[in-house]
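What follows is a short report on a single structure.
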Amino acid sequence: MDLSPSPAGWDHAAALADVKARVHVAEAACGRAGAGVRVLVATKSWDTAAALAAVRAGAQVVGESRMQELEEKGPALAEAEARVHVIGQLQRNKAATAVRFAECVQSVDSLALAERLSRLCVEAERDLDVMIQVNVSGEDSKAGVSPDDALALARAVQALPALAVTGFMTIGLKSQVEEDVRAGYRTLRGIRDTALIRSEAGTLPLSAAWELSMGMSTDLEWAIAEGATMVRIGTGVMGERA
Ligand SMILES: *Cc1c(COP(=O)(O)O)cnc(C)c1O
């Protein structure tokens, strides 16, 4: 494990303020002024001091991808009362680390993983928020359930003890073509909207599944225009690794 220290002289608070200003402009530009889109700061590969600097700078949520790193940073993040979300592919044998330190696992893409999380949560006598990760672009390299299977998985996960489905997450298409990227985000929003509409009608139990975690530094404006409630930013807040 090779964790980076903060770049010398880096001002996390100023960098986070810049990102939040971009979020506010993007919200206003699409008629969502005051929507309260949250910024998750991806602290993966940064050392404990750097992750704590992000928390002290006002990161509302920090995102960790690798459970070996979370083992190391988790106690200090807990001490700082940071909200930690797991945003990377989670192996079942590492699920205990997530249950120990995370408020939410955004990367649930199989029932087997959810069942493991549920069992661990019951043992630990805690509840856990989860999001369903959806592969909206259909790229083989990307984790996530297919859009067609997302609602069935969400329903099955919601039925498990100790888990609450709070929404849907995706990693967008890596492309400069606005319409192609936005089409993927629109797919995720459609899944979320269907979940809420059917829950309202009483045919799904997903009325709490309103979050849309989508958009990163290169495309947060497009994601917000398509309804993102949370964007995930790494380098823009943490700096460039040495
Ligand atoms: C790392 C990561 C991000 C942030 O990416 P950067 O390139 O560091 O800004 C967003 N989402 C996920 C799932 C990530 O793993």
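Convention: chains lettered A, B, ... in structure tokens order; per-chain residue numbering from 1; ligands numbered from 1 as shown.
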Would you kindly return, as a ChimeraX atom specification, each protein, DNA or RNA residue with an atom no farther than 9 Å from any atom of Arg83 of chain A, considering only C-alpha atoms and excluding same-chain residues fewer than 4 positions away? /A:55,59-63,77-78,101-104
Please, could you write that set of residues out with N, CA and C atoms as a tab-separated table (two decimals), in the first residue's frame?
chain	number	residue	atom	x	y	z
A	55	VAL	N	-11.49	16.26	5.51
A	55	VAL	CA	-12.62	16.31	6.46
A	55	VAL	C	-12.64	17.66	7.17
A	59	ALA	N	-15.31	18.52	3.90
A	59	ALA	CA	-15.87	17.47	3.03
A	59	ALA	C	-17.08	16.86	3.72
A	60	GLN	N	-18.22	16.86	3.06
A	60	GLN	CA	-19.44	16.33	3.68
A	60	GLN	C	-19.39	14.82	3.77
A	61	VAL	N	-18.75	14.23	2.79
A	61	VAL	CA	-18.62	12.78	2.72
A	61	VAL	C	-17.24	12.49	2.14
A	62	VAL	N	-16.55	11.46	2.63
A	62	VAL	CA	-15.33	11.02	1.97
A	62	VAL	C	-15.57	9.62	1.40
A	63	GLY	N	-14.96	9.36	0.25
A	63	GLY	CA	-15.14	8.08	-0.42
A	63	GLY	C	-13.86	7.29	-0.44
A	77	LEU	N	-10.63	8.48	10.77
A	77	LEU	CA	-11.82	9.09	10.16
A	77	LEU	C	-13.02	8.99	11.11
A	78	ALA	N	-13.12	7.87	11.81
A	78	ALA	CA	-14.21	7.71	12.78
A	78	ALA	C	-14.06	8.71	13.92
A	101	PHE	N	-16.53	0.68	9.21
A	101	PHE	CA	-16.17	2.10	9.09
A	101	PHE	C	-17.11	2.94	8.22
A	102	ALA	N	-17.94	2.32	7.40
A	102	ALA	CA	-18.69	3.12	6.42
A	102	ALA	C	-20.13	3.38	6.86
A	103	GLU	N	-20.63	4.53	6.47
A	103	GLU	CA	-22.04	4.86	6.66
A	103	GLU	C	-22.86	4.30	5.50
A	104	CYS	N	-22.20	4.19	4.32
A	104	CYS	CA	-22.90	3.76	3.11
A	104	CYS	C	-21.95	3.01	2.20
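With only C-alpha atoms taken into account, the protein and nucleic acid residues at most 9 Å from Ser110 of chain A (excluding it and anything under 6 positions from it in its own chain) are Ile132, Gly144, Val145, Leu153 and Val157 of chain A.
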Could you report the residues within 9 Å of ligand 1, using only C-alpha atoms and all ligand atoms, as a PyMOL selection string? chain A and resi 40-45+63-65+86-89+106-107+169-171+213-218+231-240
List the spatial neighbours of Arg22 of chain A as a short mmCIF file (atom, residue, chain, number, x, y, z; two decimals) with C-alpha atoms, in the first residue's frame - criterion: any atom at most 12 Å away, only C-alpha atoms, same-chain residues fewer than 2 positions off excluded.
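Result went into around-v1.cif, see below:
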data_model
loop_
_atom_site.label_atom_id
_atom_site.label_comp_id
_atom_site.auth_asym_id
_atom_site.auth_seq_id
_atom_site.Cartn_x
_atom_site.Cartn_y
_atom_site.Cartn_z
CA ALA A 15 -9.98 23.64 -3.47
CA LEU A 16 -13.23 22.36 -1.96
CA ALA A 17 -14.70 25.88 -2.06
CA ASP A 18 -13.87 26.06 -5.79
CA VAL A 19 -15.63 22.74 -6.42
CA LYS A 20 -18.66 23.81 -4.37
CA HIS A 24 -23.70 25.96 -7.20
CA VAL A 25 -23.28 27.46 -10.68
CA ALA A 26 -24.27 24.13 -12.23
CA GLU A 27 -27.35 23.84 -9.99
CA ALA A 28 -28.49 27.34 -10.93
CA ALA A 29 -27.79 26.79 -14.64
CA VAL A 37 -25.95 18.54 -4.29
CA ARG A 38 -23.33 17.04 -1.97
CA VAL A 39 -19.65 16.71 -2.80
CA MET A 216 -16.89 13.51 -11.35
CA SER A 217 -14.64 16.53 -11.87
CA THR A 218 -14.73 16.40 -15.67
CA ASP A 219 -18.51 16.18 -16.02
CA LEU A 220 -20.22 17.29 -12.81
CA GLU A 221 -22.22 19.96 -14.69
CA TRP A 222 -23.74 17.31 -16.98
CA ILE A 224 -26.18 17.81 -12.08
CA VAL A 231 -20.91 14.21 -7.17
CA ILE A 233 -14.40 14.46 -6.73
CA GLY A 236 -9.90 18.51 -7.72
#
I'd like to know which residues of segment 153-216 of chain A are alpha helix (DSSP H) (by DSSP, run on the backbone); could you write them as number ranges by chain? A: 153-158, 178-200
Print the selection's residues with N, CA and C atoms to a file, as an mmCIF file, in the first residue's frame.
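result30.cif, written as the output of this step:
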data_model
loop_
_atom_site.group_PDB
_atom_site.id
_atom_site.type_symbol
_atom_site.label_atom_id
_atom_site.label_comp_id
_atom_site.auth_asym_id
_atom_site.auth_seq_id
_atom_site.Cartn_x
_atom_site.Cartn_y
_atom_site.Cartn_z
ATOM 1 N N LEU A 153 -32.771 -5.877 -8.281
ATOM 2 C CA LEU A 153 -31.727 -5.997 -7.259
ATOM 3 C C LEU A 153 -32.040 -5.076 -6.079
ATOM 4 N N ALA A 154 -32.451 -3.849 -6.381
ATOM 5 C CA ALA A 154 -32.763 -2.895 -5.308
ATOM 6 C C ALA A 154 -33.859 -3.440 -4.394
ATOM 7 N N ARG A 155 -34.867 -4.036 -5.003
ATOM 8 C CA ARG A 155 -35.970 -4.586 -4.221
ATOM 9 C C ARG A 155 -35.487 -5.734 -3.323
ATOM 10 N N ALA A 156 -34.654 -6.608 -3.883
ATOM 11 C CA ALA A 156 -34.155 -7.753 -3.109
ATOM 12 C C ALA A 156 -33.242 -7.278 -1.979
ATOM 13 N N VAL A 157 -32.435 -6.255 -2.246
ATOM 14 C CA VAL A 157 -31.516 -5.749 -1.224
ATOM 15 C C VAL A 157 -32.301 -5.073 -0.104
ATOM 16 N N GLN A 158 -33.309 -4.299 -0.491
ATOM 17 C CA GLN A 158 -34.117 -3.594 0.516
ATOM 18 C C GLN A 158 -34.805 -4.579 1.465
ATOM 19 N N GLU A 178 -20.876 15.242 -24.862
ATOM 20 C CA GLU A 178 -21.843 15.559 -23.810
ATOM 21 C C GLU A 178 -23.080 14.664 -23.874
ATOM 22 N N GLU A 179 -23.661 14.513 -25.046
ATOM 23 C CA GLU A 179 -24.909 13.760 -25.137
ATOM 24 C C GLU A 179 -24.721 12.298 -24.745
ATOM 25 N N ASP A 180 -23.559 11.718 -25.108
ATOM 26 C CA ASP A 180 -23.314 10.308 -24.761
ATOM 27 C C ASP A 180 -23.200 10.138 -23.247
ATOM 28 N N VAL A 181 -22.483 11.060 -22.605
ATOM 29 C CA VAL A 181 -22.308 10.969 -21.153
ATOM 30 C C VAL A 181 -23.650 11.203 -20.458
ATOM 31 N N ARG A 182 -24.355 12.220 -20.914
ATOM 32 C CA ARG A 182 -25.635 12.554 -20.268
ATOM 33 C C ARG A 182 -26.677 11.452 -20.446
ATOM 34 N N ALA A 183 -26.625 10.763 -21.583
ATOM 35 C CA ALA A 183 -27.592 9.681 -21.809
ATOM 36 C C ALA A 183 -27.466 8.616 -20.715
ATOM 37 N N GLY A 184 -26.228 8.330 -20.312
ATOM 38 C CA GLY A 184 -26.015 7.353 -19.241
ATOM 39 C C GLY A 184 -26.587 7.851 -17.926
ATOM 40 N N TYR A 185 -26.343 9.106 -17.619
ATOM 41 C CA TYR A 185 -26.863 9.672 -16.365
ATOM 42 C C TYR A 185 -28.397 9.713 -16.385
ATOM 43 N N ARG A 186 -28.942 9.963 -17.574
ATOM 44 C CA ARG A 186 -30.408 9.987 -17.702
ATOM 45 C C ARG A 186 -30.980 8.584 -17.434
ATOM 46 N N THR A 187 -30.255 7.571 -17.871
ATOM 47 C CA THR A 187 -30.681 6.192 -17.592
ATOM 48 C C THR A 187 -30.767 5.952 -16.092
ATOM 49 N N LEU A 188 -29.743 6.414 -15.358
ATOM 50 C CA LEU A 188 -29.746 6.196 -13.905
ATOM 51 C C LEU A 188 -30.905 6.947 -13.265
ATOM 52 N N ARG A 189 -31.120 8.167 -13.722
ATOM 53 C CA ARG A 189 -32.221 8.946 -13.172
ATOM 54 C C ARG A 189 -33.575 8.268 -13.454
ATOM 55 N N GLY A 190 -33.699 7.697 -14.640
ATOM 56 C CA GLY A 190 -34.941 7.005 -14.978
ATOM 57 C C GLY A 190 -35.213 5.836 -14.044
ATOM 58 N N ILE A 191 -34.137 5.124 -13.696
ATOM 59 C CA ILE A 191 -34.277 3.996 -12.762
ATOM 60 C C ILE A 191 -34.731 4.514 -11.406
ATOM 61 N N ARG A 192 -34.075 5.586 -10.943
ATOM 62 C CA ARG A 192 -34.430 6.176 -9.644
ATOM 63 C C ARG A 192 -35.884 6.683 -9.659
ATOM 64 N N ASP A 193 -36.245 7.375 -10.740
ATOM 65 C CA ASP A 193 -37.604 7.926 -10.806
ATOM 66 C C ASP A 193 -38.645 6.798 -10.785
ATOM 67 N N THR A 194 -38.363 5.729 -11.507
ATOM 68 C CA THR A 194 -39.282 4.593 -11.521
ATOM 69 C C THR A 194 -39.392 3.988 -10.122
ATOM 70 N N ALA A 195 -38.243 3.878 -9.428
ATOM 71 C CA ALA A 195 -38.264 3.342 -8.058
ATOM 72 C C ALA A 195 -39.176 4.180 -7.168
ATOM 73 N N LEU A 196 -39.059 5.499 -7.291
ATOM 74 C CA LEU A 196 -39.853 6.373 -6.412
ATOM 75 C C LEU A 196 -41.330 6.349 -6.795
ATOM 76 N N ILE A 197 -41.607 6.344 -8.092
ATOM 77 C CA ILE A 197 -43.009 6.349 -8.550
ATOM 78 C C ILE A 197 -43.701 5.052 -8.125
ATOM 79 N N ARG A 198 -43.011 3.916 -8.327
ATOM 80 C CA ARG A 198 -43.627 2.630 -7.960
ATOM 81 C C ARG A 198 -43.739 2.492 -6.444
ATOM 82 N N SER A 199 -42.830 3.123 -5.723
ATOM 83 C CA SER A 199 -42.928 3.073 -4.261
ATOM 84 C C SER A 199 -44.119 3.883 -3.792
ATOM 85 N N GLU A 200 -44.300 5.027 -4.438
ATOM 86 C CA GLU A 200 -45.463 5.870 -4.131
ATOM 87 C C GLU A 200 -46.755 5.098 -4.376
#
Check segment 73-228 of chain A with DSSP on the backbone and list each residue it calls strand (DSSP E), as number ranges by chain. A: 84-86, 104-108, 128-133, 163-169, 211-213
Do you have the atom CA of Glu72 of chain A-atom CA of Ala95 of chain A distance handy? 15.0 Å
Among A:Ala14, A:Val105, A:Met230, A:Leu206, Leu128 of chain A is approached most closely, using only C-alpha atoms, by A:Val105
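Straight-line separation from atom CA of Ala228 of chain A to atom CA of Leu212 of chain A: 4.9 Å.
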Counting only C-alpha atoms, which of A:Leu52, A:Ala57, A:Ala152, A:Ala209 gets nearest to Thr229 of chain A? A:Ala209
